[in-house]
Amino acid sequence: DEAYFRSNNYTGLNVGKTGKYFWSRRFYANLVLRYRRQGRLLEIGSGLGHLLARLQDNFEAYGTDISEYGIAQAGRVATKANLRVLPAERLSEFGPEFFDVIVAIHVVEHLEDPLGALKTCFQIMRPGGLLLVATPNLSAPLKRLKGSAWHGYNDPTHISLKEPGEWRRLLGEAGFNTR
């Protein structure tokens with residue numbers, strides 16, 4: 001909960017316009033907007049809410065996180081978003097074909113059953129919807145160079161690290177088109 005956000009990747013987090021966190025959230029928001037301009041959007045693992053804040057004017061925005069602290073912080077910056085403490089394993093509570101866009105930025109590597117969560121995402125997404133997933137890449141050149149010091153290994157809650165081919169296989173098995 002709060003301790004997680006005060007450690008790991010959030011230590012010394014610079015959300016101002018000079019930090020990598022700011023630029024990454026801007027990048028992901030622009031990526032979503034390249035493919036969808038409106039509709040109903042879910043961010044799974046919305047954390048501190050900065051991505052939702054960038055998208056809430058274009059979308060009916062929803063955010064979920066397992067952290068009560070994270071949801072409380074998200075409510076301060078994503079003031080128009082519908083926020084819920086809800087684990088990825090219970091996303092089916094939204095009902096079938098509810099979302100046009102689902103975003104999961106650095107979430108799937110934390111899940112015991114990522115395939116189950118991806119299957120649920122497929123069920124709660126409208127046909128032709130957009131799924132954006134980002135996760136550490138086990139095939140990344142920096143992983144080979146850094147070995148056990150690679151950033152993907154720095155977070156002890158990363159329990160489902162996989163190579164891109166394995167993620168594509170799981171996405172296909174969940175029902176998504178992975179072309």
# chains A, B, ... in the order shown; residues from 1 in each chain; ligands from 1

$ closest_atom_pairs --of "range 114-136 of chain A" --to "range 38-60 of chain A" --cutoff "12 Å" --atoms "only C-alpha atoms" --output "Markdown table"
| residue | atom | partner | partner_atom | distance |
| --- | --- | --- | --- | --- |
| A:Ala117 | CA | A:Ile44 | CA | 10.2 |
| A:Leu118 | CA | A:Ile44 | CA | 11.2 |
| A:Thr120 | CA | A:Ile44 | CA | 11.8 |
| A:Cys121 | CA | A:Ile44 | CA | 9.8 |
| A:Ile124 | CA | A:Leu42 | CA | 10.0 |
| A:Met125 | CA | A:Leu41 | CA | 9.5 |
| A:Arg126 | CA | A:Arg40 | CA | 9.7 |
| A:Gly129 | CA | A:Gly39 | CA | 9.8 |
| A:Leu130 | CA | A:Leu41 | CA | 9.3 |
| A:Leu131 | CA | A:Leu42 | CA | 9.6 |
| A:Leu132 | CA | A:Glu43 | CA | 9.4 |
| A:Val133 | CA | A:Ile44 | CA | 9.8 |
| A:Ala134 | CA | A:Ile44 | CA | 11.5 |

$ write_last_selection --atoms "N, CA and C atoms" --output "PDB file, in the first residue's frame"
ATOM      1  N   ALA A 117      -6.337 -12.674 -15.987  1.00  0.00           N
ATOM      2  CA  ALA A 117      -6.646 -11.240 -16.059  1.00  0.00           C
ATOM      3  C   ALA A 117      -6.822 -10.798 -17.509  1.00  0.00           C
ATOM      4  N   LEU A 118      -5.984 -11.291 -18.421  1.00  0.00           N
ATOM      5  CA  LEU A 118      -6.107 -10.929 -19.831  1.00  0.00           C
ATOM      6  C   LEU A 118      -7.416 -11.460 -20.419  1.00  0.00           C
ATOM      7  N   THR A 120     -10.175 -11.864 -18.763  1.00  0.00           N
ATOM      8  CA  THR A 120     -11.213 -10.972 -18.243  1.00  0.00           C
ATOM      9  C   THR A 120     -11.212  -9.650 -18.997  1.00  0.00           C
ATOM     10  N   CYS A 121     -10.036  -9.122 -19.305  1.00  0.00           N
ATOM     11  CA  CYS A 121      -9.957  -7.888 -20.095  1.00  0.00           C
ATOM     12  C   CYS A 121     -10.661  -8.066 -21.435  1.00  0.00           C
ATOM     13  N   ILE A 124     -14.454  -7.877 -20.871  1.00  0.00           N
ATOM     14  CA  ILE A 124     -15.035  -6.587 -20.496  1.00  0.00           C
ATOM     15  C   ILE A 124     -14.767  -5.499 -21.539  1.00  0.00           C
ATOM     16  N   MET A 125     -14.070  -5.850 -22.616  1.00  0.00           N
ATOM     17  CA  MET A 125     -13.767  -4.897 -23.684  1.00  0.00           C
ATOM     18  C   MET A 125     -14.749  -5.083 -24.837  1.00  0.00           C
ATOM     19  N   ARG A 126     -15.192  -3.979 -25.374  1.00  0.00           N
ATOM     20  CA  ARG A 126     -16.070  -4.019 -26.542  1.00  0.00           C
ATOM     21  C   ARG A 126     -15.289  -4.556 -27.745  1.00  0.00           C
ATOM     22  N   GLY A 129     -12.006  -3.022 -29.446  1.00  0.00           N
ATOM     23  CA  GLY A 129     -11.403  -2.142 -28.448  1.00  0.00           C
ATOM     24  C   GLY A 129      -9.885  -2.170 -28.496  1.00  0.00           C
ATOM     25  N   LEU A 130      -9.296  -1.306 -27.696  1.00  0.00           N
ATOM     26  CA  LEU A 130      -7.848  -1.175 -27.638  1.00  0.00           C
ATOM     27  C   LEU A 130      -7.337  -1.625 -26.276  1.00  0.00           C
ATOM     28  N   LEU A 131      -6.358  -2.515 -26.267  1.00  0.00           N
ATOM     29  CA  LEU A 131      -5.670  -2.924 -25.050  1.00  0.00           C
ATOM     30  C   LEU A 131      -4.221  -2.465 -25.174  1.00  0.00           C
ATOM     31  N   LEU A 132      -3.757  -1.704 -24.185  1.00  0.00           N
ATOM     32  CA  LEU A 132      -2.363  -1.265 -24.140  1.00  0.00           C
ATOM     33  C   LEU A 132      -1.738  -1.849 -22.883  1.00  0.00           C
ATOM     34  N   VAL A 133      -0.726  -2.685 -23.083  1.00  0.00           N
ATOM     35  CA  VAL A 133      -0.019  -3.338 -21.975  1.00  0.00           C
ATOM     36  C   VAL A 133       1.462  -3.001 -22.102  1.00  0.00           C
ATOM     37  N   ALA A 134       2.069  -2.614 -20.992  1.00  0.00           N
ATOM     38  CA  ALA A 134       3.519  -2.420 -20.943  1.00  0.00           C
ATOM     39  C   ALA A 134       4.045  -3.213 -19.761  1.00  0.00           C
TER      40      ALA A 134
END

$ residues_around --residues "range 136-143 of chain A" --least-positions-apart "5" --cutoff "7 Å" --atoms "only C-alpha atoms" --output "VMD selection string"
chain A and resid 150 152 161 to 164

$ write_last_selection --atoms "C-alpha atoms" --output "PDB file, in the first residue's frame"
ATOM      1  CA  TRP A 150      18.367  -5.121 -14.260  1.00  0.00           C
ATOM      2  CA  GLY A 152      12.851  -5.653 -13.826  1.00  0.00           C
ATOM      3  CA  LEU A 161       8.213 -11.640 -15.987  1.00  0.00           C
ATOM      4  CA  LYS A 162       8.091 -13.061 -19.521  1.00  0.00           C
ATOM      5  CA  GLU A 163       9.599 -12.597 -22.964  1.00  0.00           C
ATOM      6  CA  PRO A 164       7.540 -10.759 -25.618  1.00  0.00           C
TER       7      PRO A 164
END

$ residues_around --residues "Ala174 in chain A" --least-positions-apart "3" --cutoff "10 Å" --atoms "only C-alpha atoms" --output "list of chain:residue names"
A:Pro114, A:Leu115, A:Gly116, A:Ala117, A:Leu118, A:Lys119, A:Thr120, A:Cys121, A:Phe122, A:Gln123, A:Arg168, A:Arg169, A:Leu170, A:Leu171, A:Asn177

$ select_by_dssp --residues "range 85-148 of chain A" --states "helix (DSSP H, G or I)" --output "PyMOL selection string"
chain A and resi 88-94+108-110+114-124+141-148

$ closest_residue --among "A:Pro87, A:Gly172, A:Gly75, A:Gly63" --to "Val103 in chain A" --atoms "only C-alpha atoms"
A:Gly63

$ atom_distance --atom1 "CA of Ile66 in chain A" --atom2 "CA of Ala81 in chain A"
16.2 Å

$ atom_distance --atom1 "CA of Asp100 in chain A" --atom2 "CA of Thr64 in chain A"
15.7 Å

$ select_by_dssp --residues "range 35-92 of chain A" --states "strand (DSSP E or B)" --output "MDAnalysis selection string"
chainID A and resid 40:44 60:65 82:85

$ write_last_selection --atoms "N, CA, C and O atoms" --output "PDB file, in the first residue's frame"
ATOM      1  N   ARG A  40     -15.134   4.751 -23.266  1.00  0.00           N
ATOM      2  CA  ARG A  40     -14.967   4.393 -21.861  1.00  0.00           C
ATOM      3  C   ARG A  40     -13.622   3.712 -21.697  1.00  0.00           C
ATOM      4  O   ARG A  40     -13.327   2.733 -22.382  1.00  0.00           O
ATOM      5  N   LEU A  41     -12.797   4.223 -20.794  1.00  0.00           N
ATOM      6  CA  LEU A  41     -11.418   3.764 -20.612  1.00  0.00           C
ATOM      7  C   LEU A  41     -11.201   3.276 -19.193  1.00  0.00           C
ATOM      8  O   LEU A  41     -11.659   3.907 -18.239  1.00  0.00           O
ATOM      9  N   LEU A  42     -10.490   2.165 -19.065  1.00  0.00           N
ATOM     10  CA  LEU A  42     -10.082   1.621 -17.771  1.00  0.00           C
ATOM     11  C   LEU A  42      -8.568   1.592 -17.701  1.00  0.00           C
ATOM     12  O   LEU A  42      -7.917   1.058 -18.607  1.00  0.00           O
ATOM     13  N   GLU A  43      -8.029   2.136 -16.621  1.00  0.00           N
ATOM     14  CA  GLU A  43      -6.619   1.915 -16.325  1.00  0.00           C
ATOM     15  C   GLU A  43      -6.547   0.962 -15.149  1.00  0.00           C
ATOM     16  O   GLU A  43      -6.982   1.280 -14.044  1.00  0.00           O
ATOM     17  N   ILE A  44      -5.982  -0.214 -15.390  1.00  0.00           N
ATOM     18  CA  ILE A  44      -5.765  -1.208 -14.338  1.00  0.00           C
ATOM     19  C   ILE A  44      -4.448  -0.861 -13.667  1.00  0.00           C
ATOM     20  O   ILE A  44      -3.444  -0.631 -14.343  1.00  0.00           O
ATOM     21  N   GLU A  60     -14.612   8.682 -20.630  1.00  0.00           N
ATOM     22  CA  GLU A  60     -15.242   8.363 -19.352  1.00  0.00           C
ATOM     23  C   GLU A  60     -14.230   7.426 -18.688  1.00  0.00           C
ATOM     24  O   GLU A  60     -14.104   6.265 -19.065  1.00  0.00           O
ATOM     25  N   ALA A  61     -13.476   7.962 -17.758  1.00  0.00           N
ATOM     26  CA  ALA A  61     -12.295   7.269 -17.241  1.00  0.00           C
ATOM     27  C   ALA A  61     -12.581   6.524 -15.944  1.00  0.00           C
ATOM     28  O   ALA A  61     -13.229   7.055 -15.039  1.00  0.00           O
ATOM     29  N   TYR A  62     -12.045   5.310 -15.882  1.00  0.00           N
ATOM     30  CA  TYR A  62     -12.121   4.470 -14.697  1.00  0.00           C
ATOM     31  C   TYR A  62     -10.707   4.041 -14.327  1.00  0.00           C
ATOM     32  O   TYR A  62      -9.889   3.786 -15.208  1.00  0.00           O
ATOM     33  N   GLY A  63     -10.451   3.937 -13.050  1.00  0.00           N
ATOM     34  CA  GLY A  63      -9.159   3.454 -12.588  1.00  0.00           C
ATOM     35  C   GLY A  63      -9.342   2.476 -11.453  1.00  0.00           C
ATOM     36  O   GLY A  63     -10.195   2.667 -10.590  1.00  0.00           O
ATOM     37  N   THR A  64      -8.549   1.420 -11.494  1.00  0.00           N
ATOM     38  CA  THR A  64      -8.554   0.445 -10.402  1.00  0.00           C
ATOM     39  C   THR A  64      -7.132   0.254  -9.910  1.00  0.00           C
ATOM     40  O   THR A  64      -6.164   0.407 -10.654  1.00  0.00           O
ATOM     41  N   ASP A  65      -7.016  -0.088  -8.651  1.00  0.00           N
ATOM     42  CA  ASP A  65      -5.733  -0.413  -8.056  1.00  0.00           C
ATOM     43  C   ASP A  65      -6.023  -1.248  -6.813  1.00  0.00           C
ATOM     44  O   ASP A  65      -7.114  -1.143  -6.245  1.00  0.00           O
ATOM     45  N   ASN A  82     -13.578   7.696 -12.310  1.00  0.00           N
ATOM     46  CA  ASN A  82     -14.259   6.782 -11.396  1.00  0.00           C
ATOM     47  C   ASN A  82     -13.209   5.816 -10.876  1.00  0.00           C
ATOM     48  O   ASN A  82     -12.645   5.052 -11.662  1.00  0.00           O
ATOM     49  N   LEU A  83     -12.931   5.859  -9.595  1.00  0.00           N
ATOM     50  CA  LEU A  83     -11.829   5.088  -9.014  1.00  0.00           C
ATOM     51  C   LEU A  83     -12.351   4.035  -8.054  1.00  0.00           C
ATOM     52  O   LEU A  83     -13.271   4.296  -7.277  1.00  0.00           O
ATOM     53  N   ARG A  84     -11.716   2.857  -8.105  1.00  0.00           N
ATOM     54  CA  ARG A  84     -12.114   1.756  -7.217  1.00  0.00           C
ATOM     55  C   ARG A  84     -10.904   0.964  -6.769  1.00  0.00           C
ATOM     56  O   ARG A  84      -9.997   0.700  -7.563  1.00  0.00           O
ATOM     57  N   VAL A  85     -10.914   0.567  -5.517  1.00  0.00           N
ATOM     58  CA  VAL A  85      -9.950  -0.420  -5.044  1.00  0.00           C
ATOM     59  C   VAL A  85     -10.485  -1.767  -5.528  1.00  0.00           C
ATOM     60  O   VAL A  85     -11.553  -2.208  -5.096  1.00  0.00           O
TER      61      VAL A  85
END

$ residues_around --residues "Asn154 in chain A" --least-positions-apart "3" --cutoff "12 Å" --atoms "only C-alpha atoms" --output "list in words"
Ser7, Asn8, Asn9, Pro136, Lys143, Lys146, Gly147, Ser148, Ala149, Trp150, His151, Thr157, His158, Ile159 and Leu161 of chain A

$ closest_residue --among "A:Gln73, A:Thr178, A:Asn30, A:Ser160" --to "Asp113 in chain A" --atoms "only C-alpha atoms"
A:Ser160
